[in-house]
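Okay, data_10.cif is below, mmCIF, C-alpha atoms:
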data_upload
loop_
_atom_site.label_atom_id
_atom_site.label_comp_id
_atom_site.auth_asym_id
_atom_site.auth_seq_id
_atom_site.Cartn_x
_atom_site.Cartn_y
_atom_site.Cartn_z
CA MET A 1 140.95 106.81 96.34
CA VAL A 2 143.58 104.15 97.07
CA THR A 3 147.08 105.65 97.26
CA SER A 4 148.96 102.94 99.15
CA CYS A 5 150.21 99.62 97.86
CA PRO A 6 148.36 96.44 98.85
CA ASP A 7 150.41 93.51 100.08
CA MET A 8 152.25 92.33 96.97
CA LYS A 9 155.83 91.58 96.03
CA GLN A 10 157.86 94.74 95.51
CA VAL A 11 161.08 95.63 93.73
CA GLU A 12 163.79 96.39 96.29
CA PRO A 13 164.12 100.04 97.40
CA LEU A 14 166.75 102.15 95.70
CA THR A 15 170.10 102.77 97.34
CA ALA A 16 171.37 106.27 98.06
CA SER A 17 173.78 106.01 95.13
CA GLN A 18 170.98 104.96 92.76
CA ILE A 19 168.84 107.92 93.85
CA ALA A 20 171.81 110.24 93.35
CA HIS A 21 172.34 108.79 89.86
CA PHE A 22 168.68 109.36 89.00
CA SER A 23 168.77 112.93 90.29
CA ARG A 24 171.93 113.77 88.36
CA ASP A 25 171.28 111.99 85.06
CA GLY A 26 167.47 111.86 85.01
CA TYR A 27 167.25 108.10 84.50
CA LEU A 28 168.14 104.79 86.15
CA VAL A 29 168.34 101.23 84.78
CA LEU A 30 167.27 98.37 87.07
CA PRO A 31 168.31 95.10 85.36
CA ALA A 32 166.01 92.05 85.61
CA VAL A 33 164.05 93.18 88.68
CA LEU A 34 160.57 92.09 87.55
CA ASP A 35 158.88 88.71 88.01
CA PRO A 36 160.12 86.34 85.24
CA GLU A 37 156.82 84.43 85.23
CA LEU A 38 154.79 87.60 84.63
CA CYS A 39 157.22 88.56 81.85
CA ARG A 40 156.64 85.15 80.26
CA GLN A 41 152.87 85.60 80.51
CA ALA A 42 153.14 89.02 78.87
CA ARG A 43 155.09 87.50 75.98
CA ASP A 44 152.48 84.77 75.64
CA GLU A 45 149.71 87.38 75.57
CA MET A 46 151.53 89.34 72.88
CA TRP A 47 151.88 86.28 70.68
CA GLY A 48 148.26 85.35 71.29
CA ALA A 49 147.15 88.75 69.98
CA ILE A 50 149.48 88.48 66.99
CA GLU A 51 148.27 84.96 66.20
CA ALA A 52 144.67 86.21 66.20
CA ASP A 53 145.12 89.29 63.99
CA LEU A 54 148.51 88.98 62.24
CA PRO A 55 148.84 85.21 61.75
CA ARG A 56 151.57 85.52 59.11
CA MET A 57 153.93 86.43 61.99
CA LYS A 58 155.03 83.16 63.63
CA ARG A 59 156.52 82.80 67.09
CA GLY A 60 160.09 81.54 66.91
CA GLU A 61 160.35 82.34 63.18
CA PRO A 62 162.07 85.74 62.84
CA SER A 63 161.93 85.54 59.05
CA THR A 64 158.16 86.17 59.34
CA TRP A 65 158.52 89.34 61.45
CA ALA A 66 158.48 91.71 58.49
CA PRO A 67 157.11 95.27 58.84
CA ILE A 68 153.36 95.79 59.02
CA THR A 69 152.07 96.70 55.56
CA GLU A 70 149.70 99.58 54.83
CA GLU A 71 146.95 97.07 54.09
CA GLU A 72 147.51 95.30 57.42
CA SER A 73 147.65 98.60 59.28
CA SER A 74 144.35 99.74 57.76
CA ARG A 75 142.70 96.43 58.61
CA LEU A 76 143.87 96.60 62.22
CA SER A 77 142.83 100.26 62.55
CA ALA A 78 139.30 99.38 61.47
CA GLN A 79 138.82 97.04 64.44
CA LYS A 80 137.89 99.74 66.96
CA PRO A 81 135.77 98.68 69.96
CA ALA A 82 132.15 99.82 69.99
CA GLY A 83 132.58 101.54 73.35
CA GLY A 84 135.45 103.75 72.18
CA GLY A 85 139.18 103.45 72.35
CA GLU A 86 141.73 102.03 69.97
CA PRO A 87 142.01 98.57 68.41
CA TYR A 88 143.48 96.01 70.80
CA LEU A 89 146.27 95.31 68.29
CA GLY A 90 147.53 98.06 66.03
CA GLY A 91 150.63 99.09 64.22
CA SER A 92 152.37 100.45 61.18
CA GLY A 93 155.73 99.65 59.64
CA HIS A 94 158.11 98.47 62.37
CA ARG A 95 155.81 99.56 65.24
CA LEU A 96 153.28 97.26 66.85
CA THR A 97 151.05 98.18 69.81
CA ILE A 98 148.83 96.11 72.10
CA ARG A 99 146.44 98.19 74.20
CA ASN A 100 146.36 95.91 77.23
CA GLY A 101 147.69 98.46 79.71
CA ALA A 102 144.69 98.35 82.08
CA GLU A 103 144.78 94.58 82.42
CA GLU A 104 145.91 93.00 85.69
CA LEU A 105 148.88 91.27 84.05
CA LEU A 106 150.70 94.41 82.97
CA LEU A 107 149.73 96.37 86.08
CA ASN A 108 151.07 93.64 88.38
CA LEU A 109 154.13 93.14 86.20
CA ALA A 110 155.50 96.66 86.52
CA PRO A 111 153.64 99.69 87.97
CA ARG A 112 152.38 97.91 91.09
CA ALA A 113 155.64 96.02 91.60
CA LEU A 114 157.49 99.35 91.48
CA TRP A 115 155.13 101.15 93.85
CA GLN A 116 157.58 101.15 96.76
CA VAL A 117 160.29 102.60 94.51
CA ALA A 118 157.94 105.21 93.07
CA GLU A 119 156.87 106.34 96.54
CA GLN A 120 160.51 106.42 97.60
CA LEU A 121 161.15 108.96 94.83
CA LEU A 122 157.87 110.88 94.85
CA GLY A 123 156.61 110.59 98.44
CA LYS A 124 154.56 107.98 100.28
CA GLY A 125 150.80 108.29 99.83
CA THR A 126 151.09 110.91 97.07
CA LEU A 127 150.37 108.73 94.02
CA VAL A 128 147.21 107.57 92.25
CA TRP A 129 146.96 103.78 92.55
CA PRO A 130 146.40 102.02 89.17
CA ALA A 131 143.24 100.06 89.98
CA GLY A 132 142.74 99.05 86.36
CA LEU A 133 139.37 97.83 85.11
CA ASP A 134 136.18 97.67 87.15
CA GLU A 135 133.48 95.02 86.71
CA SER A 136 132.08 96.86 83.69
CA GLY A 137 135.46 96.85 81.95
CA THR A 138 135.99 100.58 82.51
CA THR A 139 138.70 102.57 84.28
CA THR A 140 138.05 105.56 86.54
CA GLY A 141 140.62 108.05 87.77
CA PRO A 142 141.62 111.73 87.92
CA CYS A 143 142.80 113.64 84.88
CA PHE A 144 144.18 117.18 84.71
CA MET A 145 142.28 118.50 81.69
CA SER A 146 145.02 120.52 80.05
CA ASP A 147 145.11 121.21 76.32
CA ASP A 148 147.39 118.27 75.64
CA ALA A 149 145.29 115.87 77.77
CA VAL A 150 142.11 116.87 75.93
CA GLY A 151 143.96 116.52 72.64
CA GLY A 152 145.11 113.06 73.69
CA LEU A 153 141.55 112.04 74.54
CA ALA A 154 140.38 113.16 71.11
CA SER A 155 143.19 111.43 69.22
CA HIS A 156 142.89 108.12 71.08
CA MET A 157 139.11 108.07 71.59
CA GLY A 158 137.98 109.84 68.44
CA SER A 159 136.81 113.41 67.93
CA GLU A 160 133.22 112.18 67.59
CA MET A 161 133.21 111.63 71.36
CA GLY A 162 132.68 115.38 71.74
CA TRP A 163 135.80 116.45 73.62
CA PRO A 164 136.33 120.25 73.74
CA SER A 165 139.02 121.80 71.56
CA GLY A 166 140.87 123.23 74.56
CA GLY A 167 141.48 122.24 78.15
CA SER A 168 140.05 123.77 81.31
CA PHE A 169 143.31 123.24 83.23
CA THR A 170 141.25 121.81 86.08
CA THR A 171 140.96 118.22 87.31
CA GLU A 172 138.23 115.80 86.29
CA GLU A 173 138.32 113.66 89.45
CA ALA A 174 136.57 110.60 88.00
CA LEU A 175 137.28 110.40 84.29
CA ARG A 176 135.96 107.11 82.90
CA LEU A 177 137.86 105.51 80.03
CA PRO A 178 137.39 102.16 78.28
CA LYS A 179 139.88 99.31 78.30
CA THR A 180 141.72 100.32 75.12
CA GLY A 181 141.37 104.07 75.65
CA PRO A 182 144.20 106.35 76.86
CA VAL A 183 144.08 104.87 80.36
CA TRP A 184 147.44 106.42 81.24
CA LEU A 185 145.72 109.83 81.31
CA ASN A 186 143.69 108.91 84.41
CA GLY A 187 146.52 106.92 85.99
CA GLN A 188 144.75 103.57 85.62
CA GLY A 189 146.91 101.76 83.12
CA THR A 190 150.14 101.60 81.18
CA ARG A 191 150.29 102.47 77.52
CA GLY A 192 150.05 98.78 76.75
CA LEU A 193 152.82 96.88 75.02
CA TYR A 194 154.98 98.87 72.62
CA CYS A 195 156.95 96.71 70.20
CA THR A 196 159.64 97.48 67.62
CA LEU A 197 160.13 94.87 64.92
CA PRO A 198 163.60 93.84 63.68
CA LYS A 199 165.61 95.93 61.22
CA SER A 200 163.82 99.17 61.99
CA PRO A 201 165.08 102.25 60.12
CA SER A 202 167.82 104.41 61.56
CA PRO A 203 166.80 107.77 63.07
CA GLY A 204 169.92 109.20 61.46
CA PRO A 205 172.72 111.18 63.10
CA GLU A 206 170.20 113.86 64.13
CA TYR A 207 168.11 111.21 65.96
CA ARG A 208 164.83 112.07 64.25
CA GLY A 209 161.92 111.46 66.60
CA SER A 210 163.76 112.18 69.85
CA HIS A 211 161.60 114.28 72.16
CA SER A 212 160.52 115.08 75.70
CA ASP A 213 157.16 113.69 76.78
CA GLY A 214 154.06 115.81 77.25
CA ALA A 215 153.99 119.10 79.07
CA CYS A 216 155.92 120.51 82.00
CA TYR A 217 152.70 121.25 83.86
CA GLY A 218 150.35 118.62 85.28
CA ARG A 219 151.10 115.76 87.68
CA TRP A 220 153.50 113.41 85.89
CA ARG A 221 157.06 113.51 87.15
CA LEU A 222 158.34 109.90 87.03
CA GLN A 223 157.91 107.40 84.21
CA MET A 224 159.08 103.85 83.60
CA ALA A 225 159.69 101.47 80.73
CA ALA A 226 159.66 97.75 81.51
CA TYR A 227 161.00 95.08 79.15
CA THR A 228 159.05 91.83 78.98
CA ASP A 229 161.77 90.09 76.96
CA ASP A 230 165.53 90.44 76.50
CA VAL A 231 166.61 93.66 74.79
CA PRO A 232 170.26 93.31 73.71
CA PRO A 233 172.33 96.34 72.68
CA ASN A 234 171.18 98.01 69.45
CA SER A 235 167.81 96.25 69.59
CA GLY A 236 165.41 99.14 70.11
CA ALA A 237 165.97 99.86 73.80
CA PHE A 238 164.78 103.06 75.43
CA THR A 239 167.51 105.62 74.67
CA VAL A 240 168.12 108.75 76.76
CA TRP A 241 170.32 111.84 76.87
CA PRO A 242 171.67 112.01 80.45
CA GLY A 243 171.11 115.29 82.26
CA SER A 244 168.75 116.67 79.63
CA HIS A 245 165.80 116.70 82.04
CA THR A 246 166.93 119.83 83.89
CA ARG A 247 167.64 121.77 80.70
CA ILE A 248 164.31 120.92 79.04
CA TRP A 249 162.37 121.57 82.26
CA LYS A 250 163.62 125.16 82.37
CA GLU A 251 162.87 125.84 78.70
CA GLN A 252 159.38 124.31 78.79
CA TRP A 253 158.36 126.41 81.77
CA LYS A 254 159.62 129.55 80.04
CA ALA A 255 157.50 128.67 76.99
CA PHE A 256 154.43 127.91 79.11
CA GLN A 257 154.72 131.17 81.04
CA ALA A 258 155.02 132.96 77.69
CA GLY A 259 151.64 131.55 76.66
CA GLU A 260 152.37 128.21 75.01
CA LYS A 261 149.88 125.75 76.45
CA HIS A 262 148.99 123.42 73.62
CA THR A 263 152.34 121.69 73.76
CA ASP A 264 151.11 118.37 72.39
CA THR A 265 149.37 119.72 69.28
CA HIS A 266 152.21 118.14 67.37
CA LEU A 267 155.81 117.57 68.28
CA ALA A 268 156.97 119.03 64.98
CA VAL A 269 155.54 122.50 65.73
CA ARG A 270 156.08 122.56 69.47
CA ASN A 271 158.38 125.30 70.77
CA ALA A 272 159.42 123.46 73.93
CA GLY A 273 160.19 119.76 74.05
CA GLY A 274 159.45 119.16 70.37
CA TYR A 275 161.61 118.00 67.50
CA THR A 276 162.79 121.51 66.56
CA ASP A 277 163.27 122.93 70.06
CA PRO A 278 166.64 124.77 70.10
CA VAL A 279 167.58 123.38 73.52
CA ILE A 280 167.09 119.85 72.20
CA GLY A 281 169.41 120.64 69.32
CA ARG A 282 172.05 121.78 71.80
CA ILE A 283 171.58 118.64 73.91
CA LYS A 284 172.06 116.41 70.87
CA ALA A 285 175.24 118.30 70.00
CA ASP A 286 176.92 118.09 73.41
CA THR A 287 175.53 114.92 75.05
CA GLN A 288 176.05 111.27 74.10
CA PRO A 289 172.83 109.20 74.19
CA ILE A 290 172.69 106.01 76.26
CA ASP A 291 171.18 102.74 74.99
CA CYS A 292 169.31 101.39 78.06
CA HIS A 293 169.39 97.72 77.03
CA GLY A 294 168.85 94.84 79.44
CA PRO A 295 167.47 91.34 80.00
CA ALA A 296 163.80 90.51 80.44
CA GLY A 297 162.39 92.18 83.54
CA THR A 298 164.61 95.25 83.23
CA VAL A 299 163.09 98.61 84.18
CA VAL A 300 164.20 102.04 83.04
CA LEU A 301 163.06 104.85 85.34
CA TRP A 302 163.18 108.37 83.94
CA HIS A 303 162.25 111.93 84.75
CA THR A 304 159.36 112.84 82.48
CA LYS A 305 161.32 115.71 80.90
CA ILE A 306 164.35 113.72 79.78
CA LEU A 307 165.11 113.69 76.05
CA HIS A 308 164.53 110.18 74.74
CA ILE A 309 163.74 108.00 71.76
CA ALA A 310 162.89 104.37 71.05
CA GLY A 311 166.23 103.16 69.75
CA GLN A 312 166.78 101.57 66.37
CA ASN A 313 166.24 97.82 66.38
CA SER A 314 169.07 96.68 64.14
CA SER A 315 168.75 93.03 65.19
CA ASP A 316 167.52 90.23 62.95
CA ASP A 317 165.69 88.20 65.57
CA VAL A 318 164.48 90.45 68.42
CA ILE A 319 161.11 92.13 68.88
CA ARG A 320 161.65 94.94 71.37
CA GLN A 321 158.77 94.63 73.88
CA ALA A 322 158.18 97.33 76.50
CA THR A 323 155.35 98.72 78.57
CA ILE A 324 155.42 102.38 79.64
CA TYR A 325 153.73 103.99 82.63
CA GLY A 326 153.71 107.43 84.25
CA PHE A 327 153.24 107.60 88.01
CA LEU A 328 150.55 110.23 88.63
CA LYS A 329 150.55 112.52 91.65
CA THR A 330 147.21 112.92 93.47
CA THR A 331 145.29 116.20 93.54
CA ALA A 332 145.92 116.30 97.30
CA ALA A 333 149.67 116.20 96.68
CA VAL A 334 149.69 118.63 93.73
CA SER A 335 146.70 120.98 93.53
CA ASP A 336 145.46 122.44 90.25
CA ALA A 337 147.15 125.71 91.19
CA LEU A 338 150.50 124.00 91.82
CA ALA A 339 150.14 121.90 88.66
CA VAL A 340 150.51 125.04 86.55
CA ASP A 341 152.94 126.92 88.79
CA SER A 342 156.73 126.73 88.79
CA GLU A 343 157.71 130.25 89.75
CA ASP A 344 160.63 128.99 91.81
CA GLY A 345 161.86 126.80 88.95
CA ASP A 346 162.51 123.85 91.30
CA ILE A 347 162.47 120.69 89.19
CA TRP A 348 162.30 118.54 92.36
CA ARG A 349 159.51 120.44 94.16
CA ASP A 350 157.02 117.55 93.88
CA TRP A 351 159.46 114.79 94.80
CA SER A 352 160.27 113.07 98.09
CA ASP A 353 162.48 114.45 100.84
CA GLU A 354 164.75 111.45 100.30
CA LEU A 355 165.42 112.47 96.71
CA ARG A 356 165.57 116.19 97.46
CA GLY A 357 168.24 115.48 100.04
CA GLN A 358 170.65 114.16 97.43
#
Can the structure from this file be put into C-alpha cells for me?
Amino acid sequence: MVTSCPDMKQVEPLTASQIAHFSRDGYLVLPAVLDPELCRQARDEMWGAIEADLPRMKRGEPSTWAPITEEESSRLSAQKPAGGGEPYLGGSGHRLTIRNGAEELLLNLAPRALWQVAEQLLGKGTLVWPAGLDESGTTTGPCFMSDDAVGGLASHMGSEMGWPSGGSFTTEEALRLPKTGPVWLNGQGTRGLYCTLPKSPSPGPEYRGSHSDGACYGRWRLQMAAYTDDVPPNSGAFTVWPGSHTRIWKEQWKAFQAGEKHTDTHLAVRNAGGYTDPVIGRIKADTQPIDCHGPAGTVVLWHTKILHIAGQNSSDDVIRQATIYGFLKTTAAVSDALAVDSEDGDIWRDWSDELRGQ
C-alpha cells in the first residue's frame, strides 16, 4: 500500500501558529492555496455534467439555477450505474451532487496536493494514499467495518448488494468500490462535488442540520473541504463552531463506551453527535459559528468531530462548489484495537508529534 506522496506540487507546510490555531479551534482556513487551473477544470466538469442531465440550468445565467424539482430528482436518481453506486449527477431542492470523487482531477486538485500538510498534522507515512480508480474503473482500499460504515455501504450502494445489518468492527483490507460508490469509506476518493444552489433556505436560529461527522471510533481524524470556485460570505460556505471538537469527542466516546455503536443510523436519533445531542445544544448556545468563506482554491481543514453545517447560500448568483475528503489512517498506524479504544480520552493520540507539541 502506498502511503507516501509521489513527486507532485504540494501546498506549503503549515506554520507553528497555524497548527496552534487548528489545535485550539479545530479548524483552519487556507485561502486560495490550490491550483487555479485544476479549479477551472473542476468547474468545467461540473457544468458538463449539468449540461448533459439538467440542461435547463445554463452556465452564466443565474436566473436558470432554480432548485431541483421532485420530478428532476426522481429522474436523476433512476440513472444508477449497472455496477452499483449512485448516479453520477444527483440532487434535490438546493443540493446538487456529482460523484466524481475518485477521478484524477479531484484527487490531484485537493487531497494529493494537501498530502504534505496532512502528514504534518497526522504523521508521515501513516495515511492511506488515494490511488483512485484502477484500469477496471474500481477503487480498492481498507475500510473499518463498523456499524456506520456498513450502513453507509448499504445506503450508497443499495441494500440489494447484501451488506450485513451490523458491522464486525474489523478491517476489510481491500474493499472494492465502484466509481460512484462511497469511495471515501476506503480512502480512495473524495465525496465528489457538493453544490448548494442560490437562495437556499435558512437553517433557522437553531441551525437545523448542524452535526458532527460519523463516529468517534475508526481511523478518520482530519477532513478537508476545498472550494473550486469563489465562495463569498453568506454563500453556503462550510460553517463551524470553534472549539466544539474537544467537547463532542468526549461525549461521543462516553456514548460509545455505554454501548452506542450504530451512531450513523440517523442523525435525528443519535445520542452523540446528532441533531438532538445535548452537548451540541450547549455549543450552539455559547459559541458563535464561523462562515469559512474564501476565493476559489480555498481549503478548510477540520477535526472530524467539529460541529459544522453547510451554510445558507443567500446569494443570487453563486453556486457553492466544494469537494470533501477525510484523510484515513492506515491499519499499521491505528490497529483495530486502537480504533475502538480511547480509555485515556486523548483527542490527539493519533496525530503527529508536531501537532501534539503545541
Original post:
In terms of the shortest atom-to-atom distance over only C-alpha atoms, which of A:Pro164, A:Gly345, A:Pro81, A:Gly181 is closest to Thr246 of chain A?
Top reply: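 Smallest distance to Thr246 of chain A is found for A:Gly345.
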**OP:** I would like the residues chosen by the PyMOL selection byres ((chain A and resi 288-290) around 7) on the shown file; could you give them as a ChimeraX atom specification?
**Re:** /A:239-242,286-287,291-292
Selection from above, C-alpha atoms, as a compact mmCIF listing (two decimals), in the coordinates of the input, can you write it?
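As a result, selection.txt now contains:
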# COMPACT_ATOMS: atom_id res chain seq x y z
CA THR A 239 167.51 105.62 74.67
CA VAL A 240 168.12 108.75 76.76
CA TRP A 241 170.32 111.84 76.87
CA PRO A 242 171.67 112.01 80.45
CA ASP A 286 176.92 118.09 73.41
CA THR A 287 175.53 114.92 75.05
CA ASP A 291 171.18 102.74 74.99
CA CYS A 292 169.31 101.39 78.06
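Reported to one decimal place, the separation of atom CA of Leu121 of chain A from atom CA of Arg221 of chain A is 9.8 Å.
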Subject >> Residues in the PyMOL selection byres ((chain A and resi 27-36) around 7), expressed as number ranges by chain >> reply: A: 11, 21-22, 25-26, 37-40, 109-110, 292, 294-303
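Atom CA of Gly83 of chain A to atom CA of Gln321 of chain A spans 27.1 Å [interatomic distance, one decimal].
Closest approach to Ser244 of chain A among A:Val279, A:Leu307, A:Ala226, A:Met157: A:Leu307, based on all atoms listed in the file.
In terms of minimum interatomic distance to Gly152 of chain A, A:Gly85 ranks closest within A:Pro130, A:Gly85, A:Gly93, A:Gly189, counting only C-alpha atoms.
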Subject >> Expected selection from the PyMOL selection byres ((chain A and resi 10) around 7), given as JSON, numbers by chain >> reply: {"A": [8, 9, 11, 12, 113, 114, 116]}
**OP:** For atom CA of Leu96 of chain A and atom CA of Met224 of chain A, quote the distance in Å rounded to one decimal.
**Re:** 18.9 Å
Original post:
Contacts of Arg43 of chain A at 12 Å or less, counting all atoms listed in the file, minus same-chain residues fewer than 6 places along, as a count of residues only?
Top reply: 24
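When the distance limit is 9 Å and all atoms listed in the file are what count, the residues near Ala131 of chain A, minus those fewer than 2 positions from it on the same chain, are A:Val2, A:Ala102, A:Glu104, A:Leu107, A:Val128, A:Trp129, A:Leu133, A:Asp134, A:Thr139, A:Thr140, A:Gly141, A:Gly187, A:Gln188, A:Gly189.
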Would you be able to write out as an mmCIF file with C-alpha atoms, keeping the file's coordinate frame which residues have an atom within 12 Å of (142.3, 110.6, 74.0) in the file's coordinates, counting only C-alpha atoms?
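Generated file (part.cif):
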data_model
loop_
_atom_site.group_PDB
_atom_site.id
_atom_site.type_symbol
_atom_site.label_atom_id
_atom_site.label_comp_id
_atom_site.auth_asym_id
_atom_site.auth_seq_id
_atom_site.Cartn_x
_atom_site.Cartn_y
_atom_site.Cartn_z
ATOM 1 C CA GLY A 84 135.450 103.750 72.180
ATOM 2 C CA GLY A 85 139.180 103.450 72.350
ATOM 3 C CA GLU A 86 141.730 102.030 69.970
ATOM 4 C CA CYS A 143 142.800 113.640 84.880
ATOM 5 C CA MET A 145 142.280 118.500 81.690
ATOM 6 C CA SER A 146 145.020 120.520 80.050
ATOM 7 C CA ASP A 147 145.110 121.210 76.320
ATOM 8 C CA ASP A 148 147.390 118.270 75.640
ATOM 9 C CA ALA A 149 145.290 115.870 77.770
ATOM 10 C CA VAL A 150 142.110 116.870 75.930
ATOM 11 C CA GLY A 151 143.960 116.520 72.640
ATOM 12 C CA GLY A 152 145.110 113.060 73.690
ATOM 13 C CA LEU A 153 141.550 112.040 74.540
ATOM 14 C CA ALA A 154 140.380 113.160 71.110
ATOM 15 C CA SER A 155 143.190 111.430 69.220
ATOM 16 C CA HIS A 156 142.890 108.120 71.080
ATOM 17 C CA MET A 157 139.110 108.070 71.590
ATOM 18 C CA GLY A 158 137.980 109.840 68.440
ATOM 19 C CA SER A 159 136.810 113.410 67.930
ATOM 20 C CA GLU A 160 133.220 112.180 67.590
ATOM 21 C CA MET A 161 133.210 111.630 71.360
ATOM 22 C CA GLY A 162 132.680 115.380 71.740
ATOM 23 C CA TRP A 163 135.800 116.450 73.620
ATOM 24 C CA PRO A 164 136.330 120.250 73.740
ATOM 25 C CA SER A 165 139.020 121.800 71.560
ATOM 26 C CA LEU A 175 137.280 110.400 84.290
ATOM 27 C CA ARG A 176 135.960 107.110 82.900
ATOM 28 C CA LEU A 177 137.860 105.510 80.030
ATOM 29 C CA PRO A 178 137.390 102.160 78.280
ATOM 30 C CA THR A 180 141.720 100.320 75.120
ATOM 31 C CA GLY A 181 141.370 104.070 75.650
ATOM 32 C CA PRO A 182 144.200 106.350 76.860
ATOM 33 C CA VAL A 183 144.080 104.870 80.360
ATOM 34 C CA TRP A 184 147.440 106.420 81.240
ATOM 35 C CA LEU A 185 145.720 109.830 81.310
ATOM 36 C CA ASN A 186 143.690 108.910 84.410
ATOM 37 C CA ARG A 191 150.290 102.470 77.520
ATOM 38 C CA ASP A 264 151.110 118.370 72.390
#
**OP:** Name the closest residue to Pro232 of chain A among the candidates A:Leu54, A:Ile309, A:Val318, A:Leu76; distances are taken between atoms, counting all atoms listed in the file.
**Re:**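 For Pro232 of chain A, the nearest of the candidates is A:Val318.
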Original post:
If we count only C-alpha atoms, what is near Trp65 of chain A at a cut-off of 8 Å, once residues fewer than 4 positions away on the same chain are taken out, given as a list in words?
Top reply: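 So, after excluding close chain neighbours, the residues are Met57, Lys58, Glu61, Leu197 and Pro198 of chain A.
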Subject >> Nearest candidate to Leu122 of chain A (options A:Arg282, A:Arg219, A:Arg99, A:His308; using all atoms listed in the file) >> reply: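 With all atoms listed in the file as the atom set, the closest residue is A:Arg219.
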